[in-house]
Each structure stands twice: as C-alpha cells, then as structure tokens.
file model_4.tsv (TSV, C-alpha atoms)
chain	number	residue	atom	x	y	z
A	17	MET	CA	39.64	-136.63	83.56
A	18	ARG	CA	42.33	-139.35	83.39
A	19	THR	CA	43.25	-140.68	86.77
A	20	VAL	CA	46.24	-142.78	87.71
A	21	SER	CA	45.98	-144.89	90.81
A	22	SER	CA	49.32	-145.93	92.15
A	23	LEU	CA	49.89	-149.09	94.10
A	24	SER	CA	52.57	-148.27	96.60
A	25	SER	CA	54.17	-150.66	99.02
A	26	PRO	CA	54.71	-149.30	102.53
A	27	LEU	CA	57.67	-151.59	103.11
A	28	LEU	CA	59.67	-150.69	100.06
A	29	GLY	CA	58.49	-147.16	100.01
A	30	CYS	CA	58.29	-146.96	96.28
A	31	ASN	CA	55.74	-147.40	93.57
A	32	LEU	CA	55.66	-150.94	92.33
A	33	VAL	CA	53.04	-150.88	89.66
A	34	GLN	CA	51.16	-148.12	88.11
A	35	VAL	CA	47.67	-149.17	87.16
A	36	PRO	CA	45.83	-146.72	85.01
A	37	SER	CA	42.16	-147.12	85.77
A	38	ILE	CA	40.01	-146.93	82.70
A	39	VAL	CA	37.61	-144.06	82.82
A	40	CYS	CA	34.90	-143.54	80.32
A	41	THR	CA	35.25	-140.09	79.02
A	42	GLU	CA	31.83	-140.09	77.46
A	43	PRO	CA	28.71	-142.19	77.93
A	44	ILE	CA	28.12	-144.93	75.34
A	45	HIS	CA	24.85	-144.35	73.59
A	46	GLN	CA	22.54	-147.14	72.54
A	47	SER	CA	23.12	-146.29	68.92
A	48	LYS	CA	26.84	-146.85	69.40
A	49	ILE	CA	26.41	-150.20	71.16
A	50	ASN	CA	24.40	-151.49	68.23
A	51	LYS	CA	27.22	-150.64	65.92
A	52	LEU	CA	29.78	-152.59	67.91
A	53	PRO	CA	30.79	-155.88	66.30
A	54	PRO	CA	29.87	-158.98	68.33
A	55	SER	CA	33.46	-159.59	69.26
A	56	LYS	CA	33.71	-156.21	70.96
A	57	MET	CA	30.39	-156.63	72.74
A	58	LEU	CA	31.89	-159.51	74.69
A	59	GLY	CA	34.72	-157.28	75.81
A	60	LEU	CA	37.20	-159.08	73.61
A	61	ASP	CA	38.93	-157.38	70.79
A	62	ILE	CA	39.26	-160.36	68.48
A	63	LYS	CA	39.28	-159.90	64.77
A	64	LEU	CA	36.98	-162.50	63.30
A	65	PRO	CA	38.35	-164.24	60.21
A	66	GLN	CA	36.64	-163.39	57.00
A	67	TRP	CA	34.90	-166.74	56.63
A	68	LEU	CA	33.18	-166.30	59.99
A	69	LYS	CA	31.71	-162.93	59.20
A	70	PHE	CA	27.99	-162.44	59.28
A	71	GLU	CA	27.69	-162.37	55.53
A	72	TRP	CA	29.43	-165.68	55.19
A	73	VAL	CA	27.84	-167.82	57.91
A	74	TYR	CA	24.24	-166.73	57.57
A	75	MET	CA	21.71	-167.23	54.85
A	76	ASP	CA	19.06	-164.74	53.93
A	77	TYR	CA	15.43	-165.68	54.35
A	78	GLU	CA	14.92	-166.68	50.74
A	79	GLY	CA	18.03	-168.86	50.88
A	80	GLN	CA	16.81	-170.55	54.03
A	81	LYS	CA	13.54	-171.47	52.33
A	82	VAL	CA	15.32	-172.85	49.28
A	83	ALA	CA	17.85	-174.73	51.42
A	84	GLU	CA	15.18	-176.33	53.57
A	85	ARG	CA	13.22	-177.60	50.59
A	86	LEU	CA	16.41	-178.77	48.91
A	87	TYR	CA	17.74	-180.81	51.83
A	88	GLN	CA	14.36	-182.47	52.28
A	89	ARG	CA	14.32	-183.47	48.64
A	90	ILE	CA	17.93	-184.70	48.69
A	91	ILE	CA	17.39	-186.85	51.78
A	92	LEU	CA	14.10	-188.24	50.52
A	93	PHE	CA	15.66	-189.05	47.15
A	94	PHE	CA	18.54	-190.94	48.74
A	95	ALA	CA	16.11	-192.67	51.08
A	96	ALA	CA	14.00	-193.83	48.14
A	97	VAL	CA	17.05	-195.08	46.26
A	98	GLY	CA	18.29	-196.82	49.38
A	99	PHE	CA	14.91	-198.40	49.99
A	100	VAL	CA	14.77	-199.83	46.49
A	101	ALA	CA	18.39	-201.02	46.65
A	102	GLY	CA	17.95	-202.51	50.10
A	103	TYR	CA	14.78	-204.31	49.09
A	104	ALA	CA	16.31	-205.61	45.86
A	105	LEU	CA	19.43	-206.90	47.58
A	106	GLN	CA	17.63	-207.75	50.85
A	107	GLN	CA	20.15	-205.83	52.92
A	108	PHE	CA	18.79	-203.11	55.16
A	109	SER	CA	22.25	-201.68	55.87
A	110	TYR	CA	22.37	-200.50	52.24
A	111	THR	CA	19.25	-198.45	52.93
A	112	VAL	CA	20.73	-196.94	56.06
A	113	GLY	CA	24.00	-196.27	54.27
A	114	ALA	CA	22.26	-194.54	51.39
A	115	LEU	CA	20.39	-192.38	53.86
A	116	GLY	CA	23.67	-191.51	55.57
A	117	VAL	CA	25.23	-190.54	52.25
A	118	GLY	CA	22.17	-188.43	51.52
A	119	SER	CA	22.50	-186.67	54.86
A	120	VAL	CA	26.13	-185.84	54.20
A	121	VAL	CA	25.33	-184.58	50.71
A	122	ALA	CA	22.46	-182.50	52.10
A	123	ALA	CA	24.72	-181.08	54.80
A	124	LEU	CA	27.30	-180.09	52.20
A	125	VAL	CA	24.80	-178.65	49.76
A	126	CYS	CA	22.39	-177.01	52.18
A	127	GLY	CA	24.35	-176.61	55.39
A	128	ILE	CA	27.08	-174.42	54.01
A	129	PRO	CA	25.71	-170.99	53.01
A	130	TRP	CA	26.82	-170.96	49.43
A	131	GLY	CA	26.52	-167.78	47.48
A	132	SER	CA	23.29	-168.83	45.84
A	133	TYR	CA	21.59	-168.75	49.23
A	134	ARG	CA	22.61	-165.13	49.81
A	135	LYS	CA	21.19	-163.44	46.75
A	136	HIS	CA	18.33	-161.72	48.55
A	137	PRO	CA	19.89	-159.67	51.31
A	138	LEU	CA	17.64	-157.68	53.61
A	139	LYS	CA	17.20	-154.02	52.76
A	140	TRP	CA	18.13	-152.17	55.91
A	141	GLN	CA	17.18	-148.60	56.73
A	142	PRO	CA	19.93	-146.12	55.87
A	143	VAL	CA	22.31	-145.32	58.70
A	144	VAL	CA	21.34	-142.18	60.63
A	145	LYS	CA	24.41	-140.15	61.51
A	146	GLU	CA	24.81	-138.94	65.08
A	147	ASP	CA	25.33	-135.33	64.10
A	148	GLU	CA	21.88	-135.09	62.60
A	149	PRO	CA	19.25	-134.03	65.11
A	150	ALA	CA	17.18	-137.14	64.50
A	151	GLU	CA	17.20	-138.35	68.10
A	152	GLY	CA	15.12	-135.46	69.37
A	153	THR	CA	15.64	-134.34	72.98
A	154	SER	CA	18.75	-136.38	73.68
A	155	ALA	CA	20.80	-134.64	71.03
A	156	PRO	CA	21.23	-131.26	72.77
A	157	ALA	CA	21.93	-132.90	76.14
A	158	LYS	CA	24.68	-134.94	74.62
A	159	SER	CA	26.23	-132.01	72.92
A	160	SER	CA	26.23	-130.03	76.15
A	161	ALA	CA	27.91	-132.85	78.01
A	162	GLU	CA	30.58	-133.03	75.39
A	163	GLY	CA	31.07	-129.33	75.61
A	164	LYS	CA	31.64	-129.53	79.38
A	165	LYS	CA	34.25	-132.21	78.95
A	166	LYS	CA	36.06	-130.23	76.33
A	167	LYS	CA	36.14	-127.27	78.63
A	168	LYS	CA	37.58	-129.31	81.46
A	169	LYS	CA	40.29	-130.74	79.28
B	21	MET	CA	17.95	-172.47	59.63
B	22	HIS	CA	19.66	-169.14	60.13
B	23	ASN	CA	23.16	-170.46	60.78
B	24	ILE	CA	25.22	-173.54	60.11
B	25	LEU	CA	24.53	-175.36	63.35
B	26	ALA	CA	20.79	-174.85	63.08
B	27	ARG	CA	20.84	-176.17	59.52
B	28	LEU	CA	22.94	-179.22	60.39
B	29	ASN	CA	20.62	-179.91	63.30
B	30	ALA	CA	17.61	-179.71	61.01
B	31	ILE	CA	19.23	-182.00	58.44
B	32	LEU	CA	20.18	-184.56	61.07
B	33	ALA	CA	16.73	-184.49	62.65
B	34	PHE	CA	15.06	-184.90	59.28
B	35	SER	CA	17.41	-187.78	58.41
B	36	PHE	CA	16.48	-189.64	61.56
B	37	THR	CA	12.81	-189.07	60.92
B	38	VAL	CA	13.24	-190.54	57.45
B	39	LEU	CA	15.23	-193.43	58.93
B	40	ALA	CA	12.35	-194.20	61.28
B	41	GLY	CA	9.99	-194.17	58.31
B	42	LEU	CA	12.26	-196.48	56.30
B	43	THR	CA	12.53	-198.89	59.20
B	44	PHE	CA	8.78	-198.98	59.48
B	45	LEU	CA	8.48	-199.65	55.74
B	46	CYS	CA	11.03	-202.44	56.09
B	47	PHE	CA	8.89	-203.91	58.85
B	48	LEU	CA	5.79	-203.64	56.65
B	49	THR	CA	7.42	-205.59	53.82
B	50	THR	CA	8.01	-208.60	56.05
B	51	VAL	CA	5.09	-208.43	58.45
B	52	ALA	CA	3.07	-211.10	56.66
B	53	LYS	CA	5.95	-213.33	55.63
B	54	ASP	CA	5.90	-217.04	56.38
B	55	TYR	CA	9.23	-217.94	57.93
B	56	SER	CA	8.75	-221.68	57.69
B	57	VAL	CA	11.03	-223.86	55.56
B	58	ASP	CA	11.44	-227.57	55.01
B	59	VAL	CA	13.51	-229.48	57.53
B	60	ARG	CA	14.71	-233.05	57.37
B	61	VAL	CA	15.12	-234.88	60.66
B	62	ARG	CA	16.16	-238.46	59.96
B	63	ASP	CA	17.57	-241.62	61.40
B	64	LEU	CA	16.71	-240.94	65.00
B	65	THR	CA	17.92	-243.30	67.65
B	66	GLY	CA	17.22	-242.99	71.34
B	67	ARG	CA	18.49	-244.46	74.55
B	68	VAL	CA	16.93	-244.27	77.98
B	69	ASN	CA	18.47	-244.74	81.39
B	70	VAL	CA	17.81	-243.91	84.99
B	71	ALA	CA	19.38	-240.78	86.35
B	72	TYR	CA	19.45	-239.24	89.82
B	73	VAL	CA	18.81	-235.54	90.07
B	74	ASN	CA	19.13	-233.56	93.27
B	75	GLY	CA	15.66	-232.61	94.45
B	76	LEU	CA	13.86	-234.83	91.99
B	77	GLY	CA	15.26	-238.20	92.96
B	78	GLU	CA	15.19	-240.94	90.43
B	79	VAL	CA	14.22	-239.73	87.00
B	80	GLU	CA	14.60	-240.97	83.49
B	81	GLU	CA	17.09	-239.49	81.15
B	82	SER	CA	17.27	-239.96	77.45
B	83	ILE	CA	19.68	-239.19	74.69
B	84	ILE	CA	18.39	-238.89	71.17
B	85	THR	CA	20.58	-238.43	68.15
B	86	GLY	CA	20.06	-238.40	64.44
B	87	ASP	CA	20.66	-236.42	61.30
B	88	LEU	CA	19.49	-232.89	60.80
B	89	GLU	CA	19.49	-231.08	57.52
B	90	VAL	CA	18.03	-227.68	56.80
B	91	ASP	CA	18.85	-224.66	54.69
B	92	LEU	CA	17.82	-221.49	56.50
B	93	THR	CA	19.31	-219.10	53.94
B	94	PRO	CA	15.91	-217.94	52.59
B	95	LEU	CA	14.99	-216.71	56.05
B	96	PHE	CA	17.56	-213.97	55.88
B	97	ASP	CA	15.55	-211.24	54.26
B	98	TRP	CA	16.45	-207.62	54.89
B	99	ASN	CA	14.55	-207.52	58.15
B	100	ALA	CA	16.22	-210.59	59.67
B	101	LYS	CA	19.19	-209.89	61.87
B	102	GLU	CA	19.85	-213.30	63.31
B	103	LEU	CA	18.21	-216.64	63.91
B	104	PHE	CA	17.93	-218.67	67.05
B	105	VAL	CA	17.36	-222.24	65.95
B	106	TYR	CA	16.49	-224.98	68.39
B	107	LEU	CA	15.56	-228.61	68.22
B	108	ILE	CA	12.62	-229.65	70.35
B	109	ALA	CA	11.64	-233.06	71.58
B	110	GLU	CA	7.91	-233.27	72.10
B	111	TYR	CA	6.00	-236.05	73.78
B	112	VAL	CA	2.83	-236.55	75.74
B	113	THR	CA	2.52	-237.97	79.24
B	114	PRO	CA	-1.20	-238.63	79.59
B	115	ASN	CA	-1.40	-239.29	83.32
B	116	SER	CA	0.33	-236.16	84.51
B	117	PRO	CA	-0.82	-232.60	85.16
B	118	ASN	CA	1.71	-231.31	82.67
B	119	SER	CA	0.90	-233.65	79.86
B	120	HIS	CA	2.44	-231.74	76.98
B	121	ASN	CA	6.24	-231.80	77.16
B	122	GLN	CA	8.57	-229.80	74.99
B	123	ILE	CA	12.27	-229.98	75.70
B	124	VAL	CA	15.03	-228.20	73.82
B	125	LEU	CA	17.80	-230.61	72.94
B	126	TRP	CA	20.08	-228.51	70.79
B	127	ASP	CA	20.29	-224.91	69.66
B	128	ARG	CA	22.32	-222.67	67.48
B	129	ILE	CA	22.60	-218.96	66.82
B	130	ILE	CA	23.03	-218.02	63.18
B	131	LYS	CA	23.98	-214.42	62.62
B	132	ARG	CA	23.57	-212.57	59.39
B	133	GLY	CA	26.44	-213.34	57.05
B	134	GLU	CA	27.16	-216.71	58.55
B	135	SER	CA	26.36	-219.90	56.74
B	136	ALA	CA	22.74	-220.74	57.38
B	137	LYS	CA	22.98	-224.33	56.18
B	138	ILE	CA	22.78	-226.92	58.90
B	139	ASN	CA	23.81	-230.42	57.99
B	140	GLN	CA	24.45	-232.39	61.13
B	141	LYS	CA	25.13	-236.09	61.04
B	142	LYS	CA	24.49	-237.63	64.45
B	143	PHE	CA	23.93	-234.30	66.12
B	144	ALA	CA	25.16	-234.08	69.69
B	145	GLN	CA	22.47	-233.35	72.20
B	146	GLU	CA	23.40	-230.25	74.20
B	147	TYR	CA	20.82	-230.23	76.96
B	148	ARG	CA	19.63	-233.08	79.12
B	149	LEU	CA	16.30	-234.66	78.38
B	150	LEU	CA	14.95	-235.59	81.80
B	151	ASP	CA	11.53	-236.81	82.78
B	152	ASP	CA	10.63	-236.91	86.45
B	153	ARG	CA	7.58	-239.09	85.82
B	154	LYS	CA	9.60	-241.76	84.07
B	155	ALA	CA	7.53	-241.52	80.94
B	156	LEU	CA	10.38	-241.86	78.47
B	157	LYS	CA	10.89	-245.60	78.52
B	158	THR	CA	8.51	-247.29	76.09
B	159	ASN	CA	7.16	-243.94	75.07
B	160	PRO	CA	5.78	-244.70	71.62
B	161	ASN	CA	5.93	-241.23	70.20
B	162	VAL	CA	8.72	-238.74	70.84
B	163	THR	CA	8.68	-236.19	68.06
B	164	LEU	CA	11.67	-234.09	67.14
B	165	PHE	CA	11.19	-230.92	65.19
B	166	LEU	CA	13.12	-227.76	64.52
B	167	GLN	CA	11.88	-224.35	65.52
B	168	TRP	CA	13.44	-220.90	65.27
B	169	ASN	CA	13.08	-217.32	66.27
B	170	VAL	CA	13.78	-214.64	63.71
B	171	ILE	CA	15.29	-211.60	65.39
B	172	PRO	CA	14.25	-208.71	63.16
B	173	ASN	CA	15.61	-205.24	62.56
B	174	ALA	CA	12.16	-203.87	63.21
B	175	GLY	CA	9.00	-205.54	64.33
B	176	ALA	CA	8.09	-208.48	66.48
B	177	LEU	CA	10.26	-211.48	67.20
B	178	THR	CA	8.64	-214.22	65.16
B	179	THR	CA	8.61	-217.89	65.97
B	180	ALA	CA	8.37	-220.38	63.13
B	181	ARG	CA	8.36	-224.13	63.05
B	182	GLY	CA	10.15	-226.10	60.39
B	183	ARG	CA	8.04	-228.20	58.09
B	184	GLY	CA	9.04	-231.76	58.70
B	185	SER	CA	9.60	-233.79	61.83
B	186	GLN	CA	10.26	-237.36	62.84
B	187	SER	CA	8.94	-239.43	65.66
B	188	ILE	CA	10.61	-242.34	67.33
B	189	ALA	CA	9.50	-244.95	69.79
B	190	MET	CA	11.77	-245.04	72.79
B	191	PRO	CA	13.32	-248.37	73.75
B	192	ASP	CA	11.76	-250.46	76.47
B	193	THR	CA	15.01	-251.23	78.23
B	194	TYR	CA	17.51	-249.06	80.06
B	195	SER	CA	20.92	-248.76	78.48
B	196	PRO	CA	23.92	-246.68	79.44
B	197	LEU	CA	23.78	-243.24	77.89
B	198	ARG	CA	27.44	-242.28	78.07
B	199	PRO	CA	29.49	-245.47	78.04
B	200	ASN	CA	32.77	-243.83	78.99
B	201	LYS	CA	31.33	-241.95	81.92
B	202	GLN	CA	29.49	-245.00	83.20
B	203	ARG	CA	32.65	-247.03	83.08
B	204	GLY	CA	34.61	-244.36	84.87
B	205	ALA	CA	32.03	-244.07	87.62
B	206	GLY	CA	31.73	-247.81	88.02
call {"tool": "encode", "arguments": {"input": "model_4.tsv", "output": "structure tokens"}}
result
Amino acid sequence: MRTVSSLSSPLLGCNLVQVPSIVCTEPIHQSKINKLPPSKMLGLDIKLPQWLKFEWVYMDYEGQKVAERLYQRIILFFAAVGFVAGYALQQFSYTVGALGVGSVVAALVCGIPWGSYRKHPLKWQPVVKEDEPAEGTSAPAKSSAEGKKKKKK
Amino acid sequence: MHNILARLNAILAFSFTVLAGLTFLCFLTTVAKDYSVDVRVRDLTGRVNVAYVNGLGEVEESIITGDLEVDLTPLFDWNAKELFVYLIAEYVTPNSPNSHNQIVLWDRIIKRGESAKINQKKFAQEYRLLDDRKALKTNPNVTLFLQWNVIPNAGALTTARGRGSQSIAMPDTYSPLRPNKQRGAG
C-alpha cells in the first residue's frame, strides 16, 4: 500500500526530491481518536510537560466547590479587614490595597490546583479493549478489512 | 472553575464586585457629612477704579485683599480625593436684572497629601473683579467668603461654604489699582 511520489525535473532529468505521501493503512476508529492525547489531536506531536498534564491543571468537582467557597471567604475577609483599616486611618487606598492582597492570596490558594483539590477523582468506566466484541456489528467488518490488508501486504 | 484561567477569572471578577461594594460603603459613610469648617477672613481692604473692557466699555474694577486663614485638614476623610477651594466676593446690585453677584477672586487646588492649611497674609487676587453697572464704588457691603468643592472617591461632588466671612464697604473714590502698571502706561 505504500506509495512514493517522485518529483522529477524535466530540465535536469533526475529526481530532485522524493516525497513519500502518507497513506493511512487502516481507518481510525472513533474509539482510537478519543484515546489520542490533546497534543496529537492538533496534529502536533508535542510532549506536554508533567506540570501541564490533565491531572495537574484541573480540579475535580469537589475541589472546585471547595475552592470557590474558599476564595470568596478569603477575599471577603481581606475586604472586611481593609474596610476597618481604611475607615480607622481614613485612607481608602488601604482598603483597595488589602483587597488586592486578598485577591493575590486567593489566586495562590484557590487558583493553583493543589493536591487537596484533587482528592475526589471521577470514577470512569473501565476501558473496553478493541479485541472484545463489544462494539457489535462494526467489529467483524473491521476485522475483515484488516484481513484484506494483510493479504495484500 | 475547571482550569486555572477560569479560576483566576472568577477570582478577579469577584474581587472587583467586592471592590464596588466597598466603594459604595465608603460613599455611605460620608454621605451625610457636613464639610463646613471655620474660616477667618480678616483685614480686608478694597480699591476701585475705572477700567475699559472690550465689548463692555467703561466698567468698574476692584481689587480686594486681606488675610485668609483656614485649616482644611479635617475635610480629608477617606472619601475625599482633592479640594477645590475658592474665595468669592458677593454683593448685591439692586437696580439690575442680575442683582446677586458672586465673583471668584482666588482659588486653589489641594490634593490629598498636600498641606491643607491656608494662611495667606494679603492674598493676591487672581481674577479680575469687574462690574459693568459700576456698582462697586460706594458699595456698602461686599462680602468675602470661602467655598470649596470636595472631589470624592465615590459619590457626588459636594459644595460647602466656610463658616465665617467678612464684609467691607468699598471706597467712594477711584484710586489706581496697580500703581506700577498705571505709571508705565501713563
């Protein structure tokens, strides 16, 4: 099945570049696409660093709930402290500054998905292997197509 | 909330909502405040002369000077950003359609952090005091008082008048206002 298209120049009379055209030897099934990492879905083969992996960047649902309540409390606490300090010293910039500090603290505490926010991971269904005849009618068709290719090779 | 950017966005949005609430509370704490303080305007002296103004013809011009003393520090609460202080000369011209005259003679901007104490001996009039009906000479009652606007962080721009004013009777003769200038012109 592999084809090689040659780019030949009529003037020089020789092959300049050989461009192997990529041919899919087998159709990509939906189940396989879902298993591709996001980097490969885009057509790029970039290895994501460990700290950007799904498990590291994302919180689970329970963690999101806790984080949302926590940042609201942090910001409101700093706002209350800033209000009292600003009123006592009659300087509104102290209030705004306290609120800014509270926002930064909230961003550090609740923005970064610390491990405590990832203690309730979702329970996914177990992975169904392709060899098992779980897909129904498509399974025999696929196997026959594979058989044809093997014969041709 | 599912990834970092969504969480930072939520935190920032919530912070600004809280900031709006704090600003409103700050406004509420000063909404009923009386921004008037005691002012001392003393030792006023006035001179009147004839002046010629393009379009008005012959008018009367006056220069009033005196001492001005006020401490505006208590006005700077946490909702006051800056003050615009101005000295007003007020007098009545009974036989004119615009009988109530208020003319700003002097002003000053006091920002937060600057010294808010004004102690001017023989303050220099900044703006001309002209009267096109010639009602300044022998005017028995020209009142000078201090007024200011408080520019707030939140809320309305308030106008307050200083407690304390002084009235003078203008002279009944013309006298040169700016001796050096008059000499140079003559």
call {"tool": "residues_around", "arguments": {"input": "model_4.tsv", "residues": "Asn161 (chain B)", "least_positions_apart": "6", "cutoff": "12 Å", "atoms": "all atoms listed in the file", "output": "compact mmCIF listing (two decimals) with C-alpha atoms, in the coordinates of the input"}}
result
# COMPACT_ATOMS: atom_id res chain seq x y z
CA LEU B 64 16.71 -240.94 65.00
CA GLY B 66 17.22 -242.99 71.34
CA ALA B 109 11.64 -233.06 71.58
CA GLU B 110 7.91 -233.27 72.10
CA TYR B 111 6.00 -236.05 73.78
CA VAL B 112 2.83 -236.55 75.74
CA THR B 113 2.52 -237.97 79.24
CA ASN B 121 6.24 -231.80 77.16
CA ALA B 155 7.53 -241.52 80.94
CA SER B 185 9.60 -233.79 61.83
CA GLN B 186 10.26 -237.36 62.84
CA SER B 187 8.94 -239.43 65.66
CA ILE B 188 10.61 -242.34 67.33
CA ALA B 189 9.50 -244.95 69.79
CA MET B 190 11.77 -245.04 72.79
CA PRO B 191 13.32 -248.37 73.75
call {"tool": "atom_distance", "arguments": {"input": "model_4.tsv", "atom1": "CA of Phe96 (chain B)", "atom2": "CA of Leu166 (chain B)"}}
result
16.9 Å
call {"tool": "atom_distance", "arguments": {"input": "model_4.tsv", "atom1": "CA of Cys46 (chain B)", "atom2": "CA of Gln167 (chain B)"}}
result
23.9 Å
call {"tool": "closest_atom_pairs", "arguments": {"input": "model_4.tsv", "of": "chain B", "to": "chain A", "cutoff": "6 Å", "atoms": "only C-alpha atoms", "output": "JSON lines"}}
result
{"residue": "B:His22", "atom": "CA", "partner": "A:Tyr74", "partner_atom": "CA", "distance": 5.8}
{"residue": "B:Asn23", "atom": "CA", "partner": "A:Tyr74", "partner_atom": "CA", "distance": 5.0}
{"residue": "B:Ile24", "atom": "CA", "partner": "A:Gly127", "partner_atom": "CA", "distance": 5.7}
{"residue": "B:Arg27", "atom": "CA", "partner": "A:Gly127", "partner_atom": "CA", "distance": 5.4}
{"residue": "B:Leu28", "atom": "CA", "partner": "A:Gly127", "partner_atom": "CA", "distance": 5.8}
{"residue": "B:Asp97", "atom": "CA", "partner": "A:Gln106", "partner_atom": "CA", "distance": 5.3}
{"residue": "B:Trp98", "atom": "CA", "partner": "A:Gln106", "partner_atom": "CA", "distance": 4.2}
call {"tool": "write_last_selection", "arguments": {"input": "model_4.tsv", "atoms": "C-alpha atoms", "output": "CSV table (one decimal), in the frame of the given file"}}
result
chain,number,residue,atom,x,y,z
B,22,HIS,CA,19.7,-169.1,60.1
B,23,ASN,CA,23.2,-170.5,60.8
B,24,ILE,CA,25.2,-173.5,60.1
B,27,ARG,CA,20.8,-176.2,59.5
B,28,LEU,CA,22.9,-179.2,60.4
B,97,ASP,CA,15.6,-211.2,54.3
B,98,TRP,CA,16.4,-207.6,54.9
call {"tool": "atom_distance", "arguments": {"input": "model_4.tsv", "atom1": "CA of Phe93 (chain A)", "atom2": "CA of Gly131 (chain A)"}}
result
23.9 Å
call {"tool": "closest_residue", "arguments": {"input": "model_4.tsv", "among": "B:Leu164, B:Leu150, B:Ile129, B:Leu95", "to": "Asp54 (chain B)", "atoms": "all atoms listed in the file"}}
result
B:Leu95
call {"tool": "residues_around", "arguments": {"input": "model_4.tsv", "residues": "Leu156 (chain B)", "least_positions_apart": "3", "cutoff": "8 Å", "atoms": "only C-alpha atoms", "output": "PyMOL selection string"}}
result
chain B and resi 68+80-82+151+159+190
call {"tool": "decode", "arguments": {"input": "model_4.tsv", "residues": "region 130-148 of chain A", "atoms": "N, CA, C and O atoms", "output": "mmCIF file, in the first residue's frame"}}
result
data_model
loop_
_atom_site.group_PDB
_atom_site.id
_atom_site.type_symbol
_atom_site.label_atom_id
_atom_site.label_comp_id
_atom_site.auth_asym_id
_atom_site.auth_seq_id
_atom_site.Cartn_x
_atom_site.Cartn_y
_atom_site.Cartn_z
ATOM 1 N N TRP A 130 -3.976 22.673 43.958
ATOM 2 C CA TRP A 130 -3.184 21.928 44.914
ATOM 3 C C TRP A 130 -3.757 20.514 45.086
ATOM 4 O O TRP A 130 -4.902 20.262 44.705
ATOM 5 N N GLY A 131 -2.970 19.689 45.692
ATOM 6 C CA GLY A 131 -3.378 18.299 45.805
ATOM 7 C C GLY A 131 -4.664 18.098 46.582
ATOM 8 O O GLY A 131 -5.422 17.159 46.327
ATOM 9 N N SER A 132 -4.931 19.014 47.513
ATOM 10 C CA SER A 132 -6.138 18.841 48.316
ATOM 11 C C SER A 132 -7.403 19.041 47.498
ATOM 12 O O SER A 132 -8.476 18.629 47.932
ATOM 13 N N TYR A 133 -7.276 19.699 46.333
ATOM 14 C CA TYR A 133 -8.452 19.887 45.487
ATOM 15 C C TYR A 133 -8.655 18.709 44.518
ATOM 16 O O TYR A 133 -9.543 18.759 43.687
ATOM 17 N N ARG A 134 -7.778 17.725 44.585
ATOM 18 C CA ARG A 134 -7.870 16.615 43.628
ATOM 19 C C ARG A 134 -7.964 15.288 44.366
ATOM 20 O O ARG A 134 -7.380 14.311 43.969
ATOM 21 N N LYS A 135 -8.708 15.304 45.460
ATOM 22 C CA LYS A 135 -8.832 14.077 46.239
ATOM 23 C C LYS A 135 -10.059 13.273 45.878
ATOM 24 O O LYS A 135 -10.291 12.208 46.427
ATOM 25 N N HIS A 136 -10.889 13.792 45.017
ATOM 26 C CA HIS A 136 -12.117 13.077 44.628
ATOM 27 C C HIS A 136 -12.165 12.936 43.114
ATOM 28 O O HIS A 136 -12.947 13.617 42.453
ATOM 29 N N PRO A 137 -11.282 12.116 42.566
ATOM 30 C CA PRO A 137 -11.285 11.976 41.110
ATOM 31 C C PRO A 137 -12.546 11.256 40.637
ATOM 32 O O PRO A 137 -13.187 10.511 41.383
ATOM 33 N N LEU A 138 -12.910 11.545 39.390
ATOM 34 C CA LEU A 138 -14.088 10.882 38.825
ATOM 35 C C LEU A 138 -13.796 9.402 38.614
ATOM 36 O O LEU A 138 -12.673 9.019 38.284
ATOM 37 N N LYS A 139 -14.835 8.578 38.809
ATOM 38 C CA LYS A 139 -14.676 7.145 38.576
ATOM 39 C C LYS A 139 -15.149 6.852 37.163
ATOM 40 O O LYS A 139 -16.352 6.870 36.881
ATOM 41 N N TRP A 140 -14.194 6.632 36.289
ATOM 42 C CA TRP A 140 -14.521 6.379 34.887
ATOM 43 C C TRP A 140 -14.901 4.909 34.702
ATOM 44 O O TRP A 140 -14.549 4.048 35.489
ATOM 45 N N GLN A 141 -15.617 4.663 33.601
ATOM 46 C CA GLN A 141 -15.903 3.285 33.221
ATOM 47 C C GLN A 141 -14.594 2.604 32.850
ATOM 48 O O GLN A 141 -13.670 3.256 32.358
ATOM 49 N N PRO A 142 -14.500 1.293 33.106
ATOM 50 C CA PRO A 142 -13.269 0.597 32.696
ATOM 51 C C PRO A 142 -13.110 0.619 31.183
ATOM 52 O O PRO A 142 -14.090 0.649 30.430
ATOM 53 N N VAL A 143 -11.844 0.609 30.764
ATOM 54 C CA VAL A 143 -11.540 0.688 29.334
ATOM 55 C C VAL A 143 -11.962 -0.609 28.651
ATOM 56 O O VAL A 143 -11.652 -1.709 29.120
ATOM 57 N N VAL A 144 -12.712 -0.486 27.548
ATOM 58 C CA VAL A 144 -13.118 -1.657 26.773
ATOM 59 C C VAL A 144 -12.080 -1.896 25.687
ATOM 60 O O VAL A 144 -11.769 -0.994 24.903
ATOM 61 N N LYS A 145 -11.508 -3.086 25.673
ATOM 62 C CA LYS A 145 -10.458 -3.363 24.693
ATOM 63 C C LYS A 145 -11.078 -3.591 23.317
ATOM 64 O O LYS A 145 -12.223 -4.040 23.188
ATOM 65 N N GLU A 146 -10.302 -3.287 22.295
ATOM 66 C CA GLU A 146 -10.838 -3.378 20.930
ATOM 67 C C GLU A 146 -11.095 -4.817 20.506
ATOM 68 O O GLU A 146 -11.954 -5.078 19.682
ATOM 69 N N ASP A 147 -10.310 -5.734 21.044
ATOM 70 C CA ASP A 147 -10.451 -7.124 20.616
ATOM 71 C C ASP A 147 -11.785 -7.728 21.056
ATOM 72 O O ASP A 147 -12.326 -8.616 20.394
ATOM 73 N N GLU A 148 -12.311 -7.198 22.179
ATOM 74 C CA GLU A 148 -13.571 -7.758 22.648
ATOM 75 C C GLU A 148 -14.711 -7.347 21.734
ATOM 76 O O GLU A 148 -14.768 -6.193 21.274
#
